[in-house]
Amino acid sequence: RRLHGGPPPRRPFSRLSSEDLAFFRETLPGGTVTDPDLLEASNVDWLKSVRGHSELMLRPQTTAQVSDILRYCHGRSLAVSPQGGNTGLVGGGVPVYDEIILSTALMDQVLGFDQVSGILTCQAGCVLESLSRYLEDRDFIMPLDLGSKGSCHVGGNVATNAGGLRLLRYGSLRGTVLGLEVVLADGRVLDCLATLRKDNTGYDLKQLFIGSEGTLGVITAVSVLCPRKPSAVNVAFLGCETFDQLLGTFRLSKRMLGEILSAFEFLDAACMGLLNTHLKLPNPISDCPFYVLVETSGSDAAHDEEKLHRFLEEAMTSSLVTDGTVATEDAKVKALWSLRERVTEALTHDGFTYKYDVSLPVERIYQLVTAMRTHLGGRARSVVGYGHVGDGNLHLNVTSPARDPALLAAIEPFVYEWTAGCRGSVSAEHGLGLKKRNFIYYSKPRAAVGLMGDIKTLLDPKGILNPYKTLPDDLL
Ligand code: FAD
Ligand code: MLT
Ligand code: ZN
């Protein structure tokens, strides 16, 4: 049987009974949602590309309640789909059939913040932007930032090992998350909520749950190492004639900006067209085939500005960059960032979006966009490329007026074969969820996938946690 992205048949989990409902109502007074209108938004993903049919959403406030829920579901073989802000892009956070939605929306308390070490401890349902605001008031920032910050939860960020716009500077959550509290499938609470920079006491179990997409446990609390808020931030938005020149600009930025370089992002002219057309965002510089957003963050405004200007002068005189604009004041910095952050939103107005999120050797990332355009000819409405150049992470997106199975068959497996041909990853930062689970073999050897299956069986022997996600169908 050929593996694909569509849902596999429903597994033989129990169906929700009136006794189950009575138990949940008693365990979670006010935290049990059964109204179909209220459930609608949580049954459909952000992209409106997959839909489940859950009849129950549970909104616990405490770890003890999550533990009670899972112990009960485990005993009854009821399947559960953990959900944070529901901004995931691979269909991982919504039920496939009638799984109970376990939402962290009411688990939104900051548990502590150490001003000396910069270590924040909070519940999993804290919204990323709220945490950023909390920290900025104290002169710190979160080590990650995503375009979905207004909705995504930190528990969802950890569960997906989200990358985003600051990874180049602060590294991945695998380094900045210091501790986790997780409830296992049978209700056991694993308290690994350490707030230590160093801890080599055996296996680092928290790493198993970072990026596990709700399949191994429910993350209930997180401790994160947060950097100081930089006192000087500059953003340059630049235009390049060719992708080679863009890569040259990246090399130059690393050489000349060094320790103050905090982001190097790109979008192509097709993205700019979508921003102009669908969101009415004007291009602040002259039209170019490629645009880059370079950010510096440091502690000495005069020093950073001088460095940035020397870099820009060199980039212009060596013809790497053809036009550009620079911002230091907050409003303009935000406006330039929105040109990069809002491409995802612009795409949703262009039609049905086929999304690919691949890691490739950085010098090859745009070749895939060009190859896809040639391969599809005129069959797509738009084929666009943008992403995190600094991380070798391309977002290749293809749109069509409506869902189009023939177009999908032309894109896949072409995109995965091309990526595997470069020893790339078919999911750089979004995870596998429902949509990408069966393509894991393009990037991981069978032995590794088999071991993932063994871990899943050990931690969730009945398979109740986020079934049909992350692990390929032929494993189970
Ligand atoms: P959800 O979508 O609710 O869930 C995602 C997955 O995590 C699901 O599998 C779910 O079951 C699981 N999960 C959620 N909470 C828990 C928990 N407490 N315990 C266990 N499992 C849990 N992603 C990036 O990596 N980089 C980006 O730059 C980026 N930008 C984005 C921009 C936009 C506009 C949008 C819409 C999305 C973007 N994303 C990005 C994708 C998405 O925002 C991230 O994957 C985010 O981390 C998901 O968080 P969430 O709370 O919305 O999780
Ligand atoms: C981004 O970098 O903008 C996000 O990962 C979202 C996307 O891929 O569209
Ligand atoms: Zn991204």
# chains A, B, ... in the order shown; residues from 1 in each chain; ligands from 1
call {"tool": "residues_around", "arguments": {"residues": "His153 of chain A", "least_positions_apart": "2", "cutoff": "6 Å", "atoms": "only C-alpha atoms", "output": "ChimeraX atom specification"}}
result
/A:84-85,125-128,155-156
call {"tool": "write_last_selection", "arguments": {"atoms": "all heavy atoms", "output": "CSV table (one decimal), in the first residue's frame"}}
result
chain,number,residue,atom,x,y,z
A,84,GLY,N,-2.9,23.5,21.6
A,84,GLY,CA,-2.5,24.7,22.2
A,84,GLY,C,-3.3,25.8,21.4
A,84,GLY,O,-4.5,25.9,21.5
A,85,GLY,N,-2.6,26.7,20.7
A,85,GLY,CA,-3.2,27.8,20.0
A,85,GLY,C,-3.8,27.4,18.7
A,85,GLY,O,-4.4,28.3,18.0
A,125,GLY,N,-0.1,26.8,28.6
A,125,GLY,CA,-1.0,27.5,27.7
A,125,GLY,C,-0.8,29.0,27.6
A,125,GLY,O,-1.6,29.7,27.1
A,126,CYS,N,0.4,29.5,28.2
A,126,CYS,CA,0.7,30.9,28.0
A,126,CYS,C,0.9,31.2,26.5
A,126,CYS,O,1.6,30.5,25.8
A,126,CYS,CB,1.9,31.2,28.8
A,126,CYS,SG,1.7,31.2,30.6
A,127,VAL,N,0.2,32.3,26.1
A,127,VAL,CA,0.4,32.7,24.7
A,127,VAL,C,1.8,33.3,24.5
A,127,VAL,O,2.2,34.1,25.4
A,127,VAL,CB,-0.7,33.7,24.3
A,127,VAL,CG1,-0.5,34.3,22.9
A,127,VAL,CG2,-2.1,32.9,24.3
A,128,LEU,N,2.5,33.0,23.4
A,128,LEU,CA,3.8,33.5,23.2
A,128,LEU,C,3.9,35.0,23.4
A,128,LEU,O,4.9,35.5,24.0
A,128,LEU,CB,4.4,33.0,21.9
A,128,LEU,CG,5.8,33.4,21.5
A,128,LEU,CD1,6.8,32.9,22.5
A,128,LEU,CD2,6.1,32.9,20.1
A,155,GLY,N,3.5,25.8,25.2
A,155,GLY,CA,3.4,24.3,25.2
A,155,GLY,C,3.4,23.8,23.7
A,155,GLY,O,4.1,22.8,23.4
A,156,GLY,N,2.6,24.5,22.9
A,156,GLY,CA,2.6,24.1,21.4
A,156,GLY,C,3.9,24.3,20.8
A,156,GLY,O,4.4,23.5,20.0
call {"tool": "select_by_dssp", "arguments": {"residues": "segment 210-418 of chain A", "states": "strand (DSSP E or B)", "output": "JSON, numbers by chain"}}
result
{"A": [218, 219, 220, 221, 222, 223, 224, 225, 228, 232, 233, 234, 235, 236, 237, 238, 239, 240, 261, 262, 263, 264, 265, 266, 267, 268, 290, 291, 292, 293, 294, 295, 296, 297, 298, 323, 324, 325, 326, 327, 352, 353, 354, 355, 356, 357, 358, 359, 382, 383, 384, 385, 386, 387, 388, 393, 394, 395, 396, 397, 398, 399, 400]}
call {"tool": "closest_atom_pairs", "arguments": {"of": "chain A", "to": "ligand 3", "cutoff": "7 Å", "atoms": "only C-alpha atoms and all ligand atoms", "output": "CSV"}}
result
residue,atom,partner,partner_atom_place_in_ligand_line,distance
A:Gly163,CA,ligand 3,1 (Zn),6.7
A:Gly164,CA,ligand 3,1 (Zn),5.1
A:Gly387,CA,ligand 3,1 (Zn),5.7
A:His388,CA,ligand 3,1 (Zn),6.4
A:His395,CA,ligand 3,1 (Zn),6.7
A:Glu429,CA,ligand 3,1 (Zn),6.8
call {"tool": "closest_residue", "arguments": {"among": "A:Glu181, A:Glu99, A:Glu26, A:Glu40", "to": "Thr62 of chain A", "atoms": "only C-alpha atoms"}}
result
A:Glu181
call {"tool": "residues_near_ligand", "arguments": {"ligand": "ligand 1", "cutoff": "6 Å", "atoms": "only C-alpha atoms and all ligand atoms", "output": "JSON, numbers by chain"}}
result
{"A": [81, 82, 83, 84, 85, 86, 87, 88, 89, 92, 93, 124, 146, 147, 148, 152, 153, 155, 156, 157, 159, 160, 162, 163, 164, 165, 213, 214, 217, 218, 219, 220, 344, 429, 430, 433]}
call {"tool": "write_last_selection", "arguments": {"atoms": "N, CA, C and O atoms", "output": "tab-separated table (two decimals), in the first residue's frame"}}
result
chain	number	residue	atom	x	y	z
A	81	SER	N	-6.60	14.45	21.61
A	81	SER	CA	-5.75	15.29	20.76
A	81	SER	C	-5.39	16.57	21.53
A	81	SER	O	-6.24	17.44	21.74
A	82	PRO	N	-4.12	16.68	21.99
A	82	PRO	CA	-3.73	17.90	22.71
A	82	PRO	C	-3.72	19.10	21.77
A	82	PRO	O	-3.32	18.98	20.61
A	83	GLN	N	-4.19	20.22	22.26
A	83	GLN	CA	-4.24	21.43	21.42
A	83	GLN	C	-3.80	22.66	22.20
A	83	GLN	O	-4.22	22.87	23.34
A	84	GLY	N	-2.92	23.46	21.56
A	84	GLY	CA	-2.54	24.74	22.15
A	84	GLY	C	-3.31	25.84	21.44
A	84	GLY	O	-4.54	25.90	21.50
A	85	GLY	N	-2.59	26.70	20.71
A	85	GLY	CA	-3.24	27.82	20.01
A	85	GLY	C	-3.82	27.45	18.66
A	85	GLY	O	-4.37	28.30	17.98
A	86	ASN	N	-3.67	26.21	18.25
A	86	ASN	CA	-4.17	25.72	16.96
A	86	ASN	C	-3.64	26.54	15.79
A	86	ASN	O	-4.40	26.91	14.88
A	87	THR	N	-2.35	26.84	15.82
A	87	THR	CA	-1.73	27.54	14.69
A	87	THR	C	-0.81	26.61	13.89
A	87	THR	O	-0.13	27.06	12.96
A	88	GLY	N	-0.78	25.35	14.26
A	88	GLY	CA	0.10	24.38	13.58
A	88	GLY	C	-0.25	24.29	12.10
A	88	GLY	O	-1.40	24.51	11.70
A	89	LEU	N	0.76	23.95	11.30
A	89	LEU	CA	0.58	24.00	9.84
A	89	LEU	C	0.61	22.61	9.20
A	89	LEU	O	0.64	22.50	7.98
A	92	GLY	N	-1.60	18.77	12.94
A	92	GLY	CA	-1.29	17.96	14.12
A	92	GLY	C	-2.16	18.26	15.33
A	92	GLY	O	-2.32	17.42	16.21
A	93	GLY	N	-2.73	19.46	15.40
A	93	GLY	CA	-3.39	19.89	16.63
A	93	GLY	C	-4.90	19.73	16.63
A	93	GLY	O	-5.55	20.10	17.60
A	124	ALA	N	1.80	25.66	30.30
A	124	ALA	CA	1.95	25.42	28.85
A	124	ALA	C	1.03	26.26	27.98
A	124	ALA	O	1.32	26.49	26.81
A	146	LEU	N	7.60	33.99	16.54
A	146	LEU	CA	6.95	33.42	15.34
A	146	LEU	C	5.87	34.38	14.88
A	146	LEU	O	5.28	35.10	15.70
A	147	GLY	N	5.52	34.32	13.60
A	147	GLY	CA	4.42	35.13	13.08
A	147	GLY	C	3.10	34.83	13.77
A	147	GLY	O	2.19	35.64	13.78
A	148	SER	N	2.98	33.65	14.36
A	148	SER	CA	1.74	33.23	15.04
A	148	SER	C	1.73	33.59	16.52
A	148	SER	O	0.91	33.08	17.28
A	152	CYS	N	-0.29	31.32	19.33
A	152	CYS	CA	0.33	30.03	19.69
A	152	CYS	C	0.68	30.01	21.17
A	152	CYS	O	0.95	31.04	21.79
A	153	HIS	N	0.67	28.81	21.76
A	153	HIS	CA	0.99	28.63	23.18
A	153	HIS	C	2.42	28.12	23.30
A	153	HIS	O	2.90	27.38	22.42
A	155	GLY	N	3.46	25.81	25.17
A	155	GLY	CA	3.43	24.34	25.16
A	155	GLY	C	3.39	23.80	23.74
A	155	GLY	O	4.07	22.81	23.41
A	156	GLY	N	2.62	24.47	22.87
A	156	GLY	CA	2.58	24.09	21.44
A	156	GLY	C	3.92	24.34	20.79
A	156	GLY	O	4.39	23.54	19.95
A	157	ASN	N	4.58	25.43	21.17
A	157	ASN	CA	5.90	25.73	20.62
A	157	ASN	C	6.89	24.61	20.96
A	157	ASN	O	7.66	24.16	20.12
A	159	ALA	N	6.07	21.53	21.93
A	159	ALA	CA	5.61	20.26	21.34
A	159	ALA	C	5.99	20.14	19.86
A	159	ALA	O	6.17	19.04	19.34
A	160	THR	N	6.10	21.30	19.17
A	160	THR	CA	6.49	21.27	17.76
A	160	THR	C	7.98	21.59	17.57
A	160	THR	O	8.46	21.60	16.44
A	162	ALA	N	9.23	24.52	17.70
A	162	ALA	CA	9.13	25.61	16.72
A	162	ALA	C	10.47	26.33	16.56
A	162	ALA	O	11.21	26.52	17.53
A	163	GLY	N	10.75	26.73	15.32
A	163	GLY	CA	12.00	27.43	15.03
A	163	GLY	C	11.77	28.93	15.05
A	163	GLY	O	11.89	29.58	16.08
A	164	GLY	N	11.41	29.47	13.90
A	164	GLY	CA	11.01	30.87	13.85
A	164	GLY	C	12.12	31.85	13.56
A	164	GLY	O	13.16	31.49	13.01
A	165	LEU	N	11.90	33.09	13.99
A	165	LEU	CA	12.65	34.23	13.47
A	165	LEU	C	13.90	34.56	14.29
A	165	LEU	O	14.70	35.40	13.88
A	213	GLU	N	5.07	16.49	19.30
A	213	GLU	CA	3.77	16.81	18.70
A	213	GLU	C	2.58	16.13	19.39
A	213	GLU	O	1.65	15.65	18.73
A	214	GLY	N	2.62	16.09	20.70
A	214	GLY	CA	1.49	15.57	21.45
A	214	GLY	C	1.32	14.06	21.39
A	214	GLY	O	0.30	13.53	21.83
A	217	GLY	N	3.13	12.66	25.36
A	217	GLY	CA	2.70	13.19	26.66
A	217	GLY	C	2.12	14.58	26.45
A	217	GLY	O	2.31	15.18	25.38
A	218	VAL	N	1.44	15.06	27.48
A	218	VAL	CA	0.90	16.44	27.41
A	218	VAL	C	1.81	17.33	28.25
A	218	VAL	O	1.98	17.09	29.47
A	219	ILE	N	2.39	18.31	27.62
A	219	ILE	CA	3.28	19.25	28.31
A	219	ILE	C	2.39	20.20	29.11
A	219	ILE	O	1.47	20.81	28.56
A	220	THR	N	2.64	20.29	30.41
A	220	THR	CA	1.80	21.15	31.26
A	220	THR	C	2.55	22.39	31.76
A	220	THR	O	1.92	23.38	32.10
A	344	THR	N	2.61	34.31	5.18
A	344	THR	CA	1.74	33.15	5.44
A	344	THR	C	0.26	33.55	5.31
A	344	THR	O	-0.53	32.85	4.69
A	429	GLU	N	10.82	22.70	10.52
A	429	GLU	CA	10.38	23.28	11.80
A	429	GLU	C	8.90	23.08	12.09
A	429	GLU	O	8.47	23.28	13.22
A	430	HIS	N	8.08	22.71	11.13
A	430	HIS	CA	6.64	22.62	11.39
A	430	HIS	C	6.21	21.28	11.96
A	430	HIS	O	5.10	21.15	12.46
A	433	GLY	N	2.91	16.05	11.98
A	433	GLY	CA	1.46	16.08	12.18
A	433	GLY	C	0.75	14.97	11.42
A	433	GLY	O	1.23	13.84	11.31
call {"tool": "atom_distance", "arguments": {"atom1": "atom CA of Lys456 of chain A", "atom2": "atom CA of Thr215 of chain A"}}
result
7.3 Å
call {"tool": "residues_around", "arguments": {"residues": "Leu459 of chain A", "least_positions_apart": "6", "cutoff": "9 Å", "atoms": "only C-alpha atoms", "output": "NGL selection string"}}
result
:A and (184-186 or 216-217)
